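Content type compact mmCIF, C-alpha atoms, from the file data_18.txt:
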```
# COMPACT_ATOMS: atom_id res chain seq x y z
CA MET P 1 -5.92 -0.88 -107.69
CA SER P 2 -9.58 0.20 -107.63
CA ILE P 3 -11.72 -1.05 -104.76
CA ASN P 4 -14.86 -0.54 -106.88
CA VAL P 5 -14.08 -3.37 -109.29
CA VAL P 6 -11.54 -6.09 -108.63
CA THR P 7 -10.29 -8.92 -110.82
CA SER P 8 -10.03 -12.34 -109.23
CA SER P 9 -10.34 -16.03 -110.02
CA ILE P 10 -13.67 -17.80 -109.63
CA ASN P 11 -13.92 -21.57 -109.89
CA TYR P 12 -16.62 -22.72 -112.30
CA PHE P 13 -17.16 -26.30 -113.38
CA THR P 14 -16.87 -28.27 -116.61
CA PRO P 15 -19.65 -30.88 -117.13
CA PRO P 16 -18.59 -34.55 -117.27
CA THR P 17 -17.51 -35.52 -120.78
CA ASP P 18 -19.65 -38.69 -120.74
CA GLY P 19 -22.87 -36.73 -120.29
CA SER P 20 -23.60 -38.14 -116.83
CA GLN P 21 -25.00 -36.09 -113.97
CA PRO P 22 -22.22 -34.30 -112.09
CA TRP P 23 -21.59 -35.42 -108.52
CA GLY P 24 -19.18 -34.72 -105.70
CA LYS P 25 -18.47 -35.57 -102.09
CA ALA P 26 -19.03 -32.80 -99.54
CA GLU P 27 -16.09 -33.81 -97.37
CA ALA P 28 -12.55 -33.60 -98.66
CA ASP P 29 -10.23 -36.58 -98.37
CA PRO P 30 -8.69 -36.24 -94.86
CA THR P 31 -5.23 -37.11 -96.19
CA THR P 32 -4.99 -35.34 -99.53
CA GLY P 33 -7.49 -32.53 -98.99
CA GLU P 34 -9.00 -33.26 -102.42
CA GLN P 35 -12.74 -33.42 -103.03
CA GLN P 36 -13.80 -36.41 -105.10
CA THR P 37 -15.92 -35.46 -108.14
CA ASN P 38 -16.67 -36.67 -111.66
CA TRP P 39 -16.09 -33.20 -113.15
CA GLU P 40 -13.25 -30.71 -113.51
CA ARG P 41 -12.89 -27.22 -112.04
CA ASP P 42 -12.69 -24.37 -114.51
CA PRO P 43 -11.01 -21.33 -112.90
CA ARG P 44 -11.71 -18.05 -114.69
CA GLN P 45 -10.55 -14.49 -114.15
CA VAL P 46 -13.61 -12.28 -113.71
CA GLN P 47 -14.43 -8.77 -112.62
CA ILE P 48 -16.27 -8.44 -109.32
CA GLU P 49 -17.97 -5.16 -108.47
CA ASN P 50 -17.98 -3.74 -104.95
CA VAL P 51 -21.56 -2.52 -104.39
CA ARG P 52 -20.81 -0.60 -101.18
CA GLY P 53 -22.99 2.52 -101.33
CA CYS P 54 -25.55 1.09 -103.75
CA GLU P 55 -26.68 -2.02 -101.86
CA ASN P 56 -30.36 -1.08 -102.29
CA GLU P 57 -30.14 -1.71 -106.04
CA TYR P 58 -30.12 -5.50 -105.41
CA GLU P 59 -33.32 -7.29 -104.42
CA LEU P 60 -34.22 -10.91 -103.81
CA ASP P 61 -36.88 -11.08 -106.53
CA THR P 62 -34.62 -9.65 -109.25
CA ALA P 63 -30.93 -10.13 -108.43
CA GLY P 64 -31.51 -13.15 -106.19
CA PHE P 65 -29.81 -11.54 -103.18
CA SER P 66 -30.17 -8.50 -100.96
CA TYR P 67 -28.08 -6.66 -98.36
CA HIS P 68 -29.36 -5.58 -94.95
CA LYS P 69 -28.06 -3.93 -91.80
CA ARG P 70 -29.40 -5.39 -88.56
CA PRO P 71 -27.19 -6.06 -85.54
CA THR P 72 -27.21 -9.36 -83.71
CA ALA P 73 -27.48 -9.56 -79.93
CA LEU P 74 -24.84 -12.32 -79.90
CA THR P 75 -21.15 -11.71 -79.30
CA ALA P 76 -18.50 -13.41 -81.42
CA SER P 77 -17.84 -15.98 -78.70
CA ASP P 78 -21.56 -16.85 -78.52
CA PHE P 79 -21.25 -18.39 -81.97
CA ASP P 80 -18.95 -21.06 -80.51
CA SER P 81 -22.03 -22.72 -79.01
CA ASP P 82 -24.56 -24.49 -81.24
CA ALA P 83 -27.06 -24.38 -78.38
CA THR P 84 -26.73 -20.61 -78.06
CA ILE P 85 -27.07 -20.18 -81.81
CA LYS P 86 -30.31 -22.18 -81.86
CA GLU P 87 -31.73 -20.63 -78.68
CA ARG P 88 -30.91 -16.99 -79.44
CA TYR P 89 -29.72 -16.44 -83.01
CA TYR P 90 -32.43 -18.53 -84.69
CA PRO P 91 -35.40 -16.58 -83.21
CA GLU P 92 -33.72 -13.23 -83.92
CA SER P 93 -33.04 -14.23 -87.53
CA ILE P 94 -36.56 -15.55 -88.08
CA GLU P 95 -37.91 -12.12 -87.18
CA TYR P 96 -35.48 -10.43 -89.57
CA LEU P 97 -36.49 -12.79 -92.37
CA LYS P 98 -40.20 -12.18 -91.78
CA GLU P 99 -39.62 -8.43 -91.66
CA VAL P 100 -37.70 -8.35 -94.93
CA THR P 101 -39.78 -10.85 -96.94
CA GLY P 102 -43.27 -10.50 -95.48
CA ALA P 103 -43.43 -14.29 -95.05
CA ARG P 104 -46.07 -15.81 -92.79
CA LYS P 105 -43.86 -18.69 -91.62
CA VAL P 106 -40.10 -19.30 -91.46
CA ILE P 107 -38.40 -22.55 -90.44
CA LEU P 108 -34.64 -22.49 -89.87
CA TYR P 109 -33.44 -26.02 -90.46
CA SER P 110 -29.63 -25.84 -90.25
CA HIS P 111 -26.60 -23.61 -90.02
CA THR P 112 -22.90 -23.72 -90.85
CA ILE P 113 -20.00 -21.86 -89.29
CA ARG P 114 -17.11 -21.26 -91.69
CA CYS P 115 -13.65 -20.30 -90.45
CA ARG P 116 -10.64 -19.93 -92.68
CA ARG P 117 -7.87 -22.11 -91.32
CA PRO P 118 -4.88 -22.22 -93.68
CA ARG P 119 -3.46 -25.72 -94.21
CA GLU P 120 -6.38 -27.40 -92.40
CA ILE P 121 -8.47 -29.86 -94.44
CA ASP P 122 -12.23 -29.37 -94.76
CA SER P 123 -12.88 -33.04 -93.99
CA ASP P 124 -16.09 -32.87 -91.94
CA SER P 125 -18.93 -30.55 -90.93
CA THR P 126 -16.97 -29.14 -87.96
CA LYS P 127 -14.15 -27.89 -90.20
CA ARG P 128 -16.00 -25.96 -92.88
CA GLN P 129 -13.96 -23.28 -94.61
CA PRO P 130 -14.95 -20.62 -97.17
CA LEU P 131 -16.03 -22.48 -100.30
CA GLN P 132 -14.24 -21.35 -103.47
CA GLN P 133 -16.62 -22.84 -106.01
CA ALA P 134 -19.47 -21.09 -107.83
CA HIS P 135 -22.66 -22.95 -106.97
CA GLY P 136 -26.33 -22.80 -106.07
CA ASP P 137 -27.57 -24.52 -102.94
CA GLN P 138 -30.85 -26.10 -104.10
CA THR P 139 -32.80 -27.55 -107.02
CA LEU P 140 -36.56 -28.05 -107.36
CA LYS P 141 -36.05 -31.66 -106.32
CA SER P 142 -34.01 -30.90 -103.19
CA ALA P 143 -36.20 -27.93 -102.18
CA THR P 144 -39.34 -30.08 -102.38
CA ARG P 145 -37.61 -32.70 -100.24
CA ARG P 146 -36.91 -30.02 -97.64
CA VAL P 147 -40.61 -29.18 -97.36
CA HIS P 148 -41.42 -32.84 -96.75
CA ARG P 149 -38.56 -33.15 -94.28
CA HIS P 150 -39.43 -30.15 -92.11
CA LEU P 151 -43.23 -29.95 -92.19
CA PRO P 152 -45.61 -32.60 -90.82
CA ALA P 153 -46.51 -35.04 -93.60
CA GLN P 154 -50.11 -33.89 -94.13
CA GLU P 155 -49.22 -30.20 -93.92
CA ALA P 156 -46.41 -30.68 -96.45
CA GLU P 157 -48.70 -32.47 -98.91
CA GLU P 158 -51.45 -29.86 -98.56
CA PHE P 159 -49.04 -26.94 -98.90
CA LEU P 160 -47.34 -28.29 -102.03
CA ALA P 161 -50.70 -29.18 -103.59
CA SER P 162 -51.96 -25.64 -102.95
CA GLY P 163 -49.34 -24.11 -105.25
CA ARG P 164 -48.58 -21.40 -102.72
CA ARG P 165 -45.18 -19.78 -102.85
CA PHE P 166 -42.21 -20.97 -100.84
CA GLN P 167 -38.51 -20.20 -100.89
CA ILE P 168 -35.26 -21.40 -99.42
CA ILE P 169 -33.09 -18.49 -98.34
CA ASN P 170 -29.69 -18.36 -96.66
CA LEU P 171 -28.93 -15.61 -94.16
CA TRP P 172 -25.16 -14.99 -94.27
CA ARG P 173 -23.31 -12.88 -91.71
CA PRO P 174 -19.64 -12.34 -90.77
CA ILE P 175 -18.64 -13.17 -87.18
CA GLY P 176 -16.37 -11.00 -85.08
CA ASN P 177 -14.70 -8.95 -87.82
CA PRO P 178 -15.47 -7.48 -91.24
CA ALA P 179 -15.24 -10.08 -94.00
CA LEU P 180 -12.27 -8.57 -95.84
CA ASP P 181 -10.61 -11.98 -96.05
CA PHE P 182 -12.22 -14.39 -98.55
CA PRO P 183 -15.44 -12.34 -98.99
CA LEU P 184 -18.58 -13.67 -100.64
CA ALA P 185 -19.28 -12.93 -104.31
CA LEU P 186 -22.80 -13.25 -105.74
CA CYS P 187 -23.84 -13.49 -109.38
CA ASP P 188 -26.80 -11.29 -110.36
CA PHE P 189 -29.52 -13.72 -111.45
CA ARG P 190 -30.41 -11.47 -114.37
CA SER P 191 -27.06 -12.40 -115.93
CA ILE P 192 -27.59 -16.18 -115.60
CA ASP P 193 -29.05 -18.40 -118.33
CA GLN P 194 -30.71 -21.20 -116.34
CA ASP P 195 -30.72 -23.65 -119.24
CA ALA P 196 -27.14 -23.10 -120.34
CA ASP P 197 -25.34 -22.25 -117.08
CA LEU P 198 -26.88 -24.42 -114.33
CA PHE P 199 -26.60 -28.18 -113.86
CA PRO P 200 -28.21 -30.36 -111.15
CA HIS P 201 -25.36 -31.77 -109.08
CA LYS P 202 -25.55 -34.69 -106.65
CA ILE P 203 -23.66 -34.08 -103.43
CA TYR P 204 -22.85 -36.87 -101.03
CA PHE P 205 -22.65 -36.07 -97.32
CA ALA P 206 -21.67 -38.55 -94.64
CA LYS P 207 -25.29 -39.46 -93.83
CA TYR P 208 -27.39 -38.37 -96.80
CA GLU P 209 -27.47 -37.39 -100.47
CA GLY P 210 -28.43 -33.89 -101.58
CA GLU P 211 -28.70 -32.00 -104.84
CA THR P 212 -27.22 -28.59 -105.61
CA LEU P 213 -26.54 -26.58 -108.76
CA ALA P 214 -23.17 -26.55 -110.49
CA VAL P 215 -22.38 -23.42 -112.53
CA ARG P 216 -20.73 -23.25 -115.94
CA HIS P 217 -18.83 -20.13 -116.96
CA SER P 218 -20.42 -17.42 -119.06
CA ASP P 219 -19.02 -14.04 -120.07
CA ARG P 220 -22.46 -12.60 -119.30
CA HIS P 221 -22.17 -13.23 -115.57
CA GLN P 222 -22.15 -10.13 -113.38
CA TRP P 223 -20.47 -10.74 -110.02
CA LYS P 224 -20.97 -8.46 -106.99
CA TYR P 225 -19.67 -8.23 -103.42
CA LEU P 226 -19.88 -5.96 -100.40
CA ARG P 227 -16.32 -5.06 -99.45
CA GLY P 228 -15.63 -5.13 -95.73
CA GLN P 229 -19.06 -6.51 -94.83
CA THR P 230 -19.41 -6.12 -91.06
CA PRO P 231 -21.03 -8.40 -88.46
CA GLU P 232 -23.90 -5.88 -88.32
CA GLU P 233 -24.63 -6.54 -92.02
CA PHE P 234 -26.15 -9.67 -93.49
CA ILE P 235 -26.92 -10.98 -96.96
CA LEU P 236 -30.05 -12.86 -97.93
CA ILE P 237 -29.12 -15.39 -100.61
CA LYS P 238 -31.91 -16.90 -102.71
CA CYS P 239 -31.43 -20.67 -102.98
CA PHE P 240 -34.85 -21.58 -104.41
CA ASP P 241 -38.13 -19.88 -105.27
CA SER P 242 -41.32 -21.60 -106.44
CA ASP P 243 -42.55 -18.36 -108.05
CA PRO P 244 -41.60 -18.59 -111.75
CA LYS P 245 -41.74 -14.80 -112.11
CA ALA P 246 -39.00 -14.19 -109.53
CA ALA P 247 -35.28 -14.87 -109.46
CA PHE P 248 -34.95 -18.61 -108.96
CA MET P 249 -31.59 -18.51 -107.15
CA THR P 250 -28.20 -16.85 -107.11
CA ALA P 251 -24.82 -18.43 -107.70
CA HIS P 252 -22.26 -17.55 -105.06
CA THR P 253 -18.71 -18.32 -103.96
CA ALA P 254 -15.91 -17.15 -101.72
CA PHE P 255 -13.01 -15.50 -103.54
CA ILE P 256 -9.62 -13.92 -102.91
CA ASP P 257 -9.96 -10.14 -102.95
CA PRO P 258 -6.63 -8.64 -104.10
CA THR P 259 -7.37 -5.48 -102.05
CA THR P 260 -7.55 -7.38 -98.76
CA PRO P 261 -5.03 -5.95 -96.23
CA LYS P 262 -2.31 -8.45 -95.35
CA ASP P 263 -3.13 -8.16 -91.64
CA ALA P 264 -6.89 -8.69 -92.08
CA PRO P 265 -8.35 -11.27 -89.65
CA LYS P 266 -9.15 -14.66 -91.14
CA ARG P 267 -12.77 -14.89 -92.20
CA GLN P 268 -15.40 -16.29 -89.88
CA SER P 269 -19.04 -16.41 -90.90
CA ILE P 270 -22.35 -18.11 -90.23
CA GLU P 271 -25.00 -19.09 -92.75
CA LEU P 272 -28.53 -20.04 -91.74
CA ARG P 273 -30.79 -22.04 -94.06
CA ALA P 274 -34.45 -21.12 -94.00
CA LEU P 275 -37.65 -22.48 -95.49
CA VAL P 276 -39.82 -19.43 -96.11
CA PHE P 277 -43.59 -19.85 -96.62
CA TYR P 278 -46.20 -17.38 -97.92
```
Rendering of file as structure tokens:
Amino acid sequence: MSINVVTSSINYFTPPTDGSQPWGKAEADPTTGEQQTNWERDPRQVQIENVRGCENEYELDTAGFSYHKRPTALTASDFDSDATIKERYYPESIEYLKEVTGARKVILYSHTIRCRRPREIDSDSTKRQPLQQAHGDQTLKSATRRVHRHLPAQEAEEFLASGRRFQIINLWRPIGNPALDFPLALCDFRSIDQDADLFPHKIYFAKYEGETLAVRHSDRHQWKYLRGQTPEEFILIKCFDSDPKAAFMTAHTAFIDPTTPKDAPKRQSIELRALVFY
């Protein structure tokens, strides 16, 4: 089997038959492990290209994602502590984001650790596992809410009224070991039809309601991944961009790579969510 292109299943979604807005609960039922939604999953076999060796061909403004190699000063065990992550990993990552994007201001507002734990249910925010569902993390509505939520009220109003560019970007990095197990696939934005493929999707968390993007299947989609991504390598994932000339987002999902060695360590990763201002 080639390690340059693999065939695997990616979960898309089918819009509700009654025409209503799709919605889902973030936490799975603690007994059944099922996630409550008003839509159906649509698993499809797709080809996913390993871009190892040509990472530089993918940029945030065109593909909607980019690959970078910068080590972290943290050890794998440091990521067990939220306090250590916020005190040490946040500042380090802010500098990386500014360096790569040229942004004048970066606010990291949350992070998620994902660890694959077979047979454990993803029933709350402390048990997040790799997400096998093609999706986008933000909409215009939810991104605008984030600006209001994380900037002082007057500053938020003035910034949004100015029309200056802002983005929401995720910084995704494996922890401890290369991400051979359940790696991350990203869909090149140039292969996405925003009007036909993307649907605003309400998502209900325990304490608040958000809005993400559900993704409908298209044969045009071009999926990519970086096989064996190491903890020294990170991906920047575009979640939102106010610049209409740039890639608006990128759909992404975990998937089962058929070339993964049977003895590969279970995936652990961290994703940081950043508001990026210009």
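Separating atom CA of P:Ser20 from atom CA of P:Lys141 is a distance of 17.5 Å.
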- prompt: What does the distance from atom CA of P:Cys239 to atom CA of P:Ile168 come to in Å, to one decimal?
  reply: 5.3 Å
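Between atom CA of P:Val276 and atom CA of P:Pro71 the separation is 21.2 Å.
Comparing P:Ala214, P:Ser8, P:Arg190, P:Thr230 by their smallest distance to P:Leu60, the closest is P:Arg190 (using all atoms listed in the file).
Using all atoms listed in the file, every residue with an atom at most 6 Å from the point (-14.1, -21.5, -89.9) is listed here: Ile113, Arg114, Cys115, Arg116, Arg128, Gln129 and Gln268 of chain P.
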message: Need to verify the contact set: stretch 251-258 of chain P, 6 Å, only C-alpha atoms, exclusion of same-chain residues closer than 4 positions in sequence. Can you return it as number ranges by chain?
response: P: 130-136, 182-187
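Using only C-alpha atoms for every distance, the candidate list P:Pro118, P:Gly210, P:Pro91, P:Pro16 yields P:Gly210 as the residue closest to P:Leu140.
Proximity of P:Glu271, P:Asp29, P:Glu157, P:Asp193 to P:Glu120, computed with all atoms listed in the file, is greatest for P:Asp29.
Distances here use only C-alpha atoms; by that measure, the residue among P:Tyr67, P:Trp172, P:Phe13, P:Phe205 closest to P:Glu27 is P:Phe205.
Comparing the minimum interatomic distances between P:Asp82 and each of P:Ile270, P:Ile10, P:Leu275, P:Ala103, counting all atoms listed in the file, we find that P:Ile270 sits nearest.
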field: Residues within 10 Å of (-13.0, -38.0, -105.7), file coords, only C-alpha atoms, listed as a PyMOL selection string
entry: chain P and resi 23-25+27-29+34-39
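Counting all atoms listed in the file and comparing P:Asp181, P:Asp263, P:Asp243, P:Asp137, the residue that lies closest to P:Thr212 is P:Asp137.
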Can you complete the atoms of stretch 150-169 of chain P to N, CA, C and O atoms and list them as a PDB file, keeping the file's coordinate frame?
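Output below, filename rebuild_4.pdb:
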```pdb
ATOM      1  N   HIS P 150     -39.330 -31.071 -93.245  1.00  0.00           N
ATOM      2  CA  HIS P 150     -39.430 -30.150 -92.110  1.00  0.00           C
ATOM      3  C   HIS P 150     -40.842 -29.714 -91.770  1.00  0.00           C
ATOM      4  O   HIS P 150     -41.037 -28.990 -90.791  1.00  0.00           O
ATOM      5  N   LEU P 151     -41.828 -30.154 -92.551  1.00  0.00           N
ATOM      6  CA  LEU P 151     -43.230 -29.950 -92.190  1.00  0.00           C
ATOM      7  C   LEU P 151     -43.850 -31.306 -91.874  1.00  0.00           C
ATOM      8  O   LEU P 151     -43.424 -32.328 -92.420  1.00  0.00           O
ATOM      9  N   PRO P 152     -44.872 -31.348 -91.004  1.00  0.00           N
ATOM     10  CA  PRO P 152     -45.610 -32.600 -90.820  1.00  0.00           C
ATOM     11  C   PRO P 152     -46.128 -33.103 -92.158  1.00  0.00           C
ATOM     12  O   PRO P 152     -46.443 -32.308 -93.061  1.00  0.00           O
ATOM     13  N   ALA P 153     -46.225 -34.419 -92.302  1.00  0.00           N
ATOM     14  CA  ALA P 153     -46.510 -35.040 -93.600  1.00  0.00           C
ATOM     15  C   ALA P 153     -47.760 -34.465 -94.264  1.00  0.00           C
ATOM     16  O   ALA P 153     -47.729 -34.083 -95.448  1.00  0.00           O
ATOM     17  N   GLN P 154     -48.866 -34.376 -93.523  1.00  0.00           N
ATOM     18  CA  GLN P 154     -50.110 -33.890 -94.130  1.00  0.00           C
ATOM     19  C   GLN P 154     -49.996 -32.419 -94.513  1.00  0.00           C
ATOM     20  O   GLN P 154     -50.442 -32.005 -95.588  1.00  0.00           O
ATOM     21  N   GLU P 155     -49.379 -31.623 -93.632  1.00  0.00           N
ATOM     22  CA  GLU P 155     -49.220 -30.200 -93.920  1.00  0.00           C
ATOM     23  C   GLU P 155     -48.344 -29.988 -95.158  1.00  0.00           C
ATOM     24  O   GLU P 155     -48.633 -29.121 -96.000  1.00  0.00           O
ATOM     25  N   ALA P 156     -47.292 -30.796 -95.286  1.00  0.00           N
ATOM     26  CA  ALA P 156     -46.410 -30.680 -96.450  1.00  0.00           C
ATOM     27  C   ALA P 156     -47.175 -30.996 -97.732  1.00  0.00           C
ATOM     28  O   ALA P 156     -47.077 -30.260 -98.736  1.00  0.00           O
ATOM     29  N   GLU P 157     -47.937 -32.078 -97.723  1.00  0.00           N
ATOM     30  CA  GLU P 157     -48.700 -32.470 -98.910  1.00  0.00           C
ATOM     31  C   GLU P 157     -49.704 -31.388 -99.285  1.00  0.00           C
ATOM     32  O   GLU P 157     -49.845 -31.022-100.459  1.00  0.00           O
ATOM     33  N   GLU P 158     -50.425 -30.870 -98.284  1.00  0.00           N
ATOM     34  CA  GLU P 158     -51.450 -29.860 -98.560  1.00  0.00           C
ATOM     35  C   GLU P 158     -50.816 -28.562 -99.062  1.00  0.00           C
ATOM     36  O   GLU P 158     -51.345 -27.925 -99.987  1.00  0.00           O
ATOM     37  N   PHE P 159     -49.678 -28.189 -98.475  1.00  0.00           N
ATOM     38  CA  PHE P 159     -49.040 -26.940 -98.900  1.00  0.00           C
ATOM     39  C   PHE P 159     -48.562 -27.056-100.337  1.00  0.00           C
ATOM     40  O   PHE P 159     -48.802 -26.168-101.161  1.00  0.00           O
ATOM     41  N   LEU P 160     -47.867 -28.133-100.672  1.00  0.00           N
ATOM     42  CA  LEU P 160     -47.340 -28.290-102.030  1.00  0.00           C
ATOM     43  C   LEU P 160     -48.465 -28.402-103.049  1.00  0.00           C
ATOM     44  O   LEU P 160     -48.356 -27.877-104.166  1.00  0.00           O
ATOM     45  N   ALA P 161     -49.565 -29.049-102.671  1.00  0.00           N
ATOM     46  CA  ALA P 161     -50.700 -29.180-103.590  1.00  0.00           C
ATOM     47  C   ALA P 161     -51.394 -27.844-103.821  1.00  0.00           C
ATOM     48  O   ALA P 161     -52.010 -27.629-104.869  1.00  0.00           O
ATOM     49  N   SER P 162     -51.284 -26.940-102.849  1.00  0.00           N
ATOM     50  CA  SER P 162     -51.960 -25.640-102.950  1.00  0.00           C
ATOM     51  C   SER P 162     -51.317 -24.716-103.987  1.00  0.00           C
ATOM     52  O   SER P 162     -51.948 -23.771-104.466  1.00  0.00           O
ATOM     53  N   GLY P 163     -50.046 -24.975-104.311  1.00  0.00           N
ATOM     54  CA  GLY P 163     -49.340 -24.110-105.250  1.00  0.00           C
ATOM     55  C   GLY P 163     -48.891 -22.796-104.663  1.00  0.00           C
ATOM     56  O   GLY P 163     -48.435 -21.906-105.388  1.00  0.00           O
ATOM     57  N   ARG P 164     -49.006 -22.653-103.344  1.00  0.00           N
ATOM     58  CA  ARG P 164     -48.580 -21.400-102.720  1.00  0.00           C
ATOM     59  C   ARG P 164     -47.060 -21.293-102.746  1.00  0.00           C
ATOM     60  O   ARG P 164     -46.340 -22.294-102.824  1.00  0.00           O
ATOM     61  N   ARG P 165     -46.598 -20.067-102.670  1.00  0.00           N
ATOM     62  CA  ARG P 165     -45.180 -19.780-102.850  1.00  0.00           C
ATOM     63  C   ARG P 165     -44.367 -20.196-101.634  1.00  0.00           C
ATOM     64  O   ARG P 165     -44.769 -19.996-100.494  1.00  0.00           O
ATOM     65  N   PHE P 166     -43.195 -20.768-101.899  1.00  0.00           N
ATOM     66  CA  PHE P 166     -42.210 -20.970-100.840  1.00  0.00           C
ATOM     67  C   PHE P 166     -40.817 -20.744-101.406  1.00  0.00           C
ATOM     68  O   PHE P 166     -40.595 -20.815-102.614  1.00  0.00           O
ATOM     69  N   GLN P 167     -39.895 -20.465-100.521  1.00  0.00           N
ATOM     70  CA  GLN P 167     -38.510 -20.200-100.890  1.00  0.00           C
ATOM     71  C   GLN P 167     -37.580 -20.915 -99.918  1.00  0.00           C
ATOM     72  O   GLN P 167     -37.984 -21.269 -98.798  1.00  0.00           O
ATOM     73  N   ILE P 168     -36.352 -21.084-100.341  1.00  0.00           N
ATOM     74  CA  ILE P 168     -35.260 -21.400 -99.420  1.00  0.00           C
ATOM     75  C   ILE P 168     -34.267 -20.248 -99.534  1.00  0.00           C
ATOM     76  O   ILE P 168     -33.836 -19.887-100.635  1.00  0.00           O
ATOM     77  N   ILE P 169     -33.953 -19.661 -98.390  1.00  0.00           N
ATOM     78  CA  ILE P 169     -33.090 -18.490 -98.340  1.00  0.00           C
ATOM     79  C   ILE P 169     -32.004 -18.728 -97.292  1.00  0.00           C
ATOM     80  O   ILE P 169     -32.286 -19.235 -96.207  1.00  0.00           O
TER      81      ILE P 169
END
```
